[in-house]
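Trainee: Here it is, the structure, as structure tokens.
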Amino acid sequence: MTFDTHSSSKAVPLVDIRDLHFGYGERLILSGVSLQVPHGKVTAIMGASGGGKTTLLRLISGQNMPPRGAVFFDGTDVGAQDQQGLYALRRRMGMLFQFGALFTDMTVFENVAFPLREHTQLPESLLRDVVLMKLNAVGLRGARDLYPSEISGGMARRVALARAIALDPELLMYDEPFAGLDPIALGTTARLIRRLNDALGATTVLVSHDLDETFQIADHVIILANGAIAEQGTPAQIRASSDPLVRQFVRGEFDGPVRFHYPGPTLQQDFGAQRAAGGHP
């Protein structure tokens, strides 16, 4: 069941990011990033921690606005929207936050019903049917009356996924959906992400550090590093990359372009002066 009758042009990328710059204070996070997310595909955003992956999701949804560059959603400039325009765009997006971010004082049913109550005028009988359909899609229809404290972490992630698809969004965004999951829950969540993307005819942007599961479900992978795109392509192309930074990330190597030690004074500067002053070694 779809509540938004907006018709997207498949010739236009669903997400089009152009020369994007963004930082927090004087710390630059993204510098000149340009990328496109095509309709109907699963696009993975990967890279080392602190590289701007979650920030990119916040920029797509208009939670942050870039000082330079632009983010277009289905041809609409996100940064040019007023509050009402942003509200309308976000209604066409679904977001699964890291660790689920469920409302702890609401049941599973009420968590999934929340966006429907906020954005629609559905009668209670129809709302009930929609919520149960979404819970059934993630295998948790029987857990409708439980609270988040009464279910496992993997189940909570699936409830959050049901909430994210409640309005049948065109764009689904996932921020580290595999973090903290056991192997069974991780595999289940990965398959759900791929299956729901295809069944809903949606488009997915997935931020993750889990290479194996992400590479199994992604159509396109983008590696962010040092504020820019280091590499992009199919999972096979990323694995075969000769770029030293990409190779270090894919292989999980201890040292390389991404150094183990945070930049600072040399050992001689820190310890040599102490010895010269008669301090302990």
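Letters for chains follow the order of the structure tokens (A, B, ...), residue numbers begin at 1 for each chain, and ligand numbers begin at 1 in the order shown.
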So that each row is one residue of region 127-237 of chain A with an atom at most 9 Å from region 31-37 of chain A, can you give its shortest atom pair and the distance in Å to one decimal, using only C-alpha atoms, rows by chain and rising number, as JSON lines?

Mentor:
```
{"residue": "A:Thr203", "atom": "CA", "partner": "A:Val37", "partner_atom": "CA", "distance": 8.1}
{"residue": "A:Thr204", "atom": "CA", "partner": "A:Val37", "partner_atom": "CA", "distance": 8.5}
{"residue": "A:Val205", "atom": "CA", "partner": "A:Val37", "partner_atom": "CA", "distance": 7.8}
{"residue": "A:His220", "atom": "CA", "partner": "A:Val37", "partner_atom": "CA", "distance": 8.9}
{"residue": "A:Ile222", "atom": "CA", "partner": "A:Leu35", "partner_atom": "CA", "distance": 8.7}
{"residue": "A:Asn226", "atom": "CA", "partner": "A:Ser31", "partner_atom": "CA", "distance": 8.3}
{"residue": "A:Gly227", "atom": "CA", "partner": "A:Ser31", "partner_atom": "CA", "distance": 5.0}
{"residue": "A:Ala228", "atom": "CA", "partner": "A:Val33", "partner_atom": "CA", "distance": 5.5}
{"residue": "A:Ile229", "atom": "CA", "partner": "A:Val33", "partner_atom": "CA", "distance": 6.6}
```

Trainee: From a DSSP calculation on the backbone, collect every residue of region 31-275 of chain A in helix (DSSP H, G or I) and output the set as a ChimeraX atom specification.

Mentor: /A:53-60,78-80,83-90,108-119,124-137,141-143,148-150,153-164,183-200,211-217,235-239,244-251,267-275

Trainee: Would you write out those residues with C-alpha atoms, as a compact mmCIF listing (two decimals), in the first residue's frame?

Mentor:
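So the final result, stored in again_33.txt, reads:
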```
# COMPACT_ATOMS: atom_id res chain seq x y z
CA LYS A 53 29.24 8.52 6.09
CA THR A 54 26.52 9.30 8.64
CA THR A 55 26.96 13.00 7.90
CA LEU A 56 26.12 12.22 4.28
CA LEU A 57 22.81 10.63 5.34
CA ARG A 58 21.99 13.70 7.42
CA LEU A 59 22.68 15.94 4.43
CA ILE A 60 20.48 13.85 2.14
CA VAL A 78 16.98 19.77 -0.52
CA GLY A 79 18.80 22.85 0.75
CA ALA A 80 16.36 25.23 -0.96
CA GLN A 83 10.31 23.56 6.72
CA GLN A 84 7.13 22.45 4.96
CA GLY A 85 9.06 21.41 1.86
CA LEU A 86 11.54 19.40 3.91
CA TYR A 87 8.70 17.72 5.76
CA ALA A 88 7.19 16.66 2.41
CA LEU A 89 10.53 15.29 1.15
CA ARG A 90 11.23 13.37 4.36
CA VAL A 108 6.39 -2.82 18.99
CA PHE A 109 3.02 -2.11 17.36
CA GLU A 110 2.98 1.54 18.43
CA ASN A 111 6.58 2.08 17.28
CA VAL A 112 5.69 0.97 13.76
CA ALA A 113 2.39 2.88 13.85
CA PHE A 114 4.11 6.13 14.84
CA PRO A 115 4.96 7.45 11.33
CA LEU A 116 1.50 6.46 10.08
CA ARG A 117 -0.17 8.44 12.86
CA GLU A 118 2.12 11.42 12.18
CA HIS A 119 1.78 11.54 8.39
CA GLU A 124 -7.62 2.85 13.07
CA SER A 125 -8.78 -0.39 11.42
CA LEU A 126 -6.71 0.24 8.28
CA LEU A 127 -3.73 1.49 10.29
CA ARG A 128 -3.78 -1.77 12.25
CA ASP A 129 -3.71 -3.81 9.04
CA VAL A 130 -0.79 -1.81 7.63
CA VAL A 131 1.26 -2.13 10.82
CA LEU A 132 0.69 -5.88 11.01
CA MET A 133 1.64 -6.23 7.34
CA LYS A 134 4.92 -4.40 7.94
CA LEU A 135 5.66 -6.48 11.04
CA ASN A 136 4.86 -9.63 9.11
CA ALA A 137 7.34 -8.59 6.42
CA ARG A 141 3.85 -9.89 13.70
CA GLY A 142 3.65 -12.05 16.81
CA ALA A 143 5.75 -9.59 18.83
CA PRO A 148 11.69 -2.89 23.19
CA SER A 149 13.10 -4.03 26.55
CA GLU A 150 11.45 -7.42 26.02
CA GLY A 153 18.84 -6.47 19.74
CA GLY A 154 18.35 -8.22 16.42
CA MET A 155 14.57 -8.15 16.81
CA ALA A 156 14.69 -4.46 17.75
CA ARG A 157 16.59 -3.75 14.53
CA ARG A 158 13.89 -5.55 12.55
CA VAL A 159 11.14 -3.56 14.32
CA ALA A 160 13.01 -0.38 13.37
CA LEU A 161 13.12 -1.65 9.80
CA ALA A 162 9.35 -2.21 9.82
CA ARG A 163 8.92 1.36 11.09
CA ALA A 164 11.23 2.67 8.34
CA PRO A 183 25.86 -13.73 12.88
CA ILE A 184 22.30 -15.06 12.56
CA ALA A 185 20.66 -11.67 13.15
CA LEU A 186 23.21 -10.01 10.90
CA GLY A 187 22.49 -12.35 8.00
CA THR A 188 18.74 -12.02 8.53
CA THR A 189 18.92 -8.21 8.52
CA ALA A 190 21.06 -8.13 5.38
CA ARG A 191 18.66 -10.36 3.47
CA LEU A 192 15.70 -8.27 4.65
CA ILE A 193 17.34 -5.07 3.39
CA ARG A 194 17.86 -6.55 -0.06
CA ARG A 195 14.46 -8.25 -0.22
CA LEU A 196 12.53 -5.19 0.93
CA ASN A 197 14.38 -2.93 -1.48
CA ASP A 198 13.37 -5.14 -4.40
CA ALA A 199 9.83 -5.92 -3.18
CA LEU A 200 9.00 -2.26 -2.55
CA LEU A 211 32.26 -5.80 4.27
CA ASP A 212 31.07 -9.37 3.77
CA GLU A 213 27.34 -8.79 4.30
CA THR A 214 27.36 -5.41 2.57
CA PHE A 215 29.19 -6.71 -0.48
CA GLN A 216 26.66 -9.54 -0.79
CA ILE A 217 23.65 -7.20 -1.09
CA PRO A 235 31.73 -4.99 -4.91
CA ALA A 236 34.02 -7.02 -7.21
CA GLN A 237 35.67 -3.86 -8.53
CA ILE A 238 36.23 -2.55 -5.00
CA ARG A 239 37.84 -5.83 -3.91
CA PRO A 244 46.45 1.55 -1.21
CA LEU A 245 43.81 3.12 1.03
CA VAL A 246 40.96 1.04 -0.41
CA ARG A 247 43.09 -2.09 -0.20
CA GLN A 248 43.88 -1.40 3.47
CA PHE A 249 40.18 -0.92 4.25
CA VAL A 250 38.99 -4.01 2.36
CA ARG A 251 41.71 -6.23 3.84
CA LEU A 267 58.79 9.88 20.49
CA GLN A 268 62.06 11.80 20.74
CA GLN A 269 60.17 15.04 21.34
CA ASP A 270 57.98 13.50 24.03
CA PHE A 271 60.50 11.30 25.85
CA GLY A 272 63.92 12.69 24.93
CA ALA A 273 63.31 16.04 26.59
CA GLN A 274 62.05 14.30 29.73
CA ARG A 275 65.25 12.27 30.05
```

Trainee: Work out how far apart CA of Asp82 (chain A) and CA of Ala70 (chain A) are and give it in Å to one decimal.

Mentor: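 So the answer is 15.0 Å.
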
Trainee: Which of region 84-279 of chain A end up as strand (DSSP E) when DSSP is run on this backbone - answer as a list in words?

Mentor: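 Here is the list: Met93, Gly94, Met95, Leu96, Leu171, Leu172, Met173, Tyr174, Asp175, Thr203, Thr204, Val205, Leu206, Val207, His220, Val221, Ile222, Ile223, Leu224, Ala225, Ala228, Ile229, Ala230, Glu231, Gln232 and Gly233 of chain A.
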
Trainee: Any chance you can output those residues with C-alpha atoms as a PDB file, in the first residue's frame?

Mentor:
```
ATOM      1  CA  MET A  93      12.299   8.735   2.931  1.00  0.00           C
ATOM      2  CA  GLY A  94      12.653   5.986   5.523  1.00  0.00           C
ATOM      3  CA  MET A  95      15.523   5.960   8.001  1.00  0.00           C
ATOM      4  CA  LEU A  96      16.856   3.129  10.133  1.00  0.00           C
ATOM      5  CA  LEU A 171      14.392   6.044  -0.393  1.00  0.00           C
ATOM      6  CA  LEU A 172      15.512   3.821   2.479  1.00  0.00           C
ATOM      7  CA  MET A 173      18.586   4.903   4.450  1.00  0.00           C
ATOM      8  CA  TYR A 174      20.375   2.642   6.908  1.00  0.00           C
ATOM      9  CA  ASP A 175      23.016   3.833   9.375  1.00  0.00           C
ATOM     10  CA  THR A 203      16.152   2.733  -3.486  1.00  0.00           C
ATOM     11  CA  THR A 204      18.585   2.034  -0.652  1.00  0.00           C
ATOM     12  CA  VAL A 205      21.566   3.933   0.743  1.00  0.00           C
ATOM     13  CA  LEU A 206      23.425   1.790   3.262  1.00  0.00           C
ATOM     14  CA  VAL A 207      26.195   2.952   5.602  1.00  0.00           C
ATOM     15  CA  HIS A 220      27.272  -0.204  -5.985  1.00  0.00           C
ATOM     16  CA  VAL A 221      29.871   0.641  -3.324  1.00  0.00           C
ATOM     17  CA  ILE A 222      31.355   4.070  -2.603  1.00  0.00           C
ATOM     18  CA  ILE A 223      34.458   4.349  -0.397  1.00  0.00           C
ATOM     19  CA  LEU A 224      34.860   7.671   1.418  1.00  0.00           C
ATOM     20  CA  ALA A 225      38.296   8.729   2.661  1.00  0.00           C
ATOM     21  CA  ALA A 228      36.428  12.639  -0.761  1.00  0.00           C
ATOM     22  CA  ILE A 229      35.512   9.542  -2.765  1.00  0.00           C
ATOM     23  CA  ALA A 230      38.519   7.231  -2.859  1.00  0.00           C
ATOM     24  CA  GLU A 231      36.885   4.582  -5.060  1.00  0.00           C
ATOM     25  CA  GLN A 232      33.483   3.452  -6.306  1.00  0.00           C
ATOM     26  CA  GLY A 233      32.186   0.538  -8.318  1.00  0.00           C
TER      27      GLY A 233
END
```

Trainee: In Å to one decimal, how far is CA of Gly51 (chain A) from CA of Pro177 (chain A)?

Mentor: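 That distance, rounded to one decimal, is 17.3 Å.
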
Trainee: Nearest to Gly62 (chain A): which of A:Asp210, A:Gln81, A:Ser152, A:Ser49 is it, counting only C-alpha atoms?

Mentor: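 For Gly62 (chain A), the nearest of the candidates is A:Gln81.
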
Trainee: Residues at most 8 Å from His21 (chain A), counting only C-alpha atoms, excluding those fewer than 5 positions away in the same chain, as a list in words?

Mentor: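 What passes the distance filter is Leu28, Ile29, Leu30, Ser31, Gly32, Val33, Pro66, Pro67, Arg68 and Gly69 of chain A.
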
Trainee: Hey, which of A:Met46, A:Val138, A:Met65, A:Leu146 ends up closest to Glu176 (chain A)? Count only C-alpha atoms.

Mentor: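 Of the candidates, the smallest distance to Glu176 (chain A) is held by A:Met46.
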
Trainee: In Å to one decimal, how far is CA of Thr43 (chain A) from CA of Asp168 (chain A)?

Mentor: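 Atom-to-atom, CA of Asp168 (chain A) and CA of Thr43 (chain A) are spaced 18.4 Å apart.
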
Trainee: Could you check which of A:Thr76, A:Thr234, A:Ser208, A:Ser242 is closest to Gln98 (chain A), using only C-alpha atoms?

Mentor: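 Counting only C-alpha atoms, the residue closest to Gln98 (chain A) is A:Ser208.
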
Trainee: Quick one: everything within 7 Å of Asp74 (chain A), counting only C-alpha atoms, minus sequence neighbours fewer than 2 positions away in the same chain. Send it as number ranges by chain.

Mentor: A: 8, 12-15, 72, 76
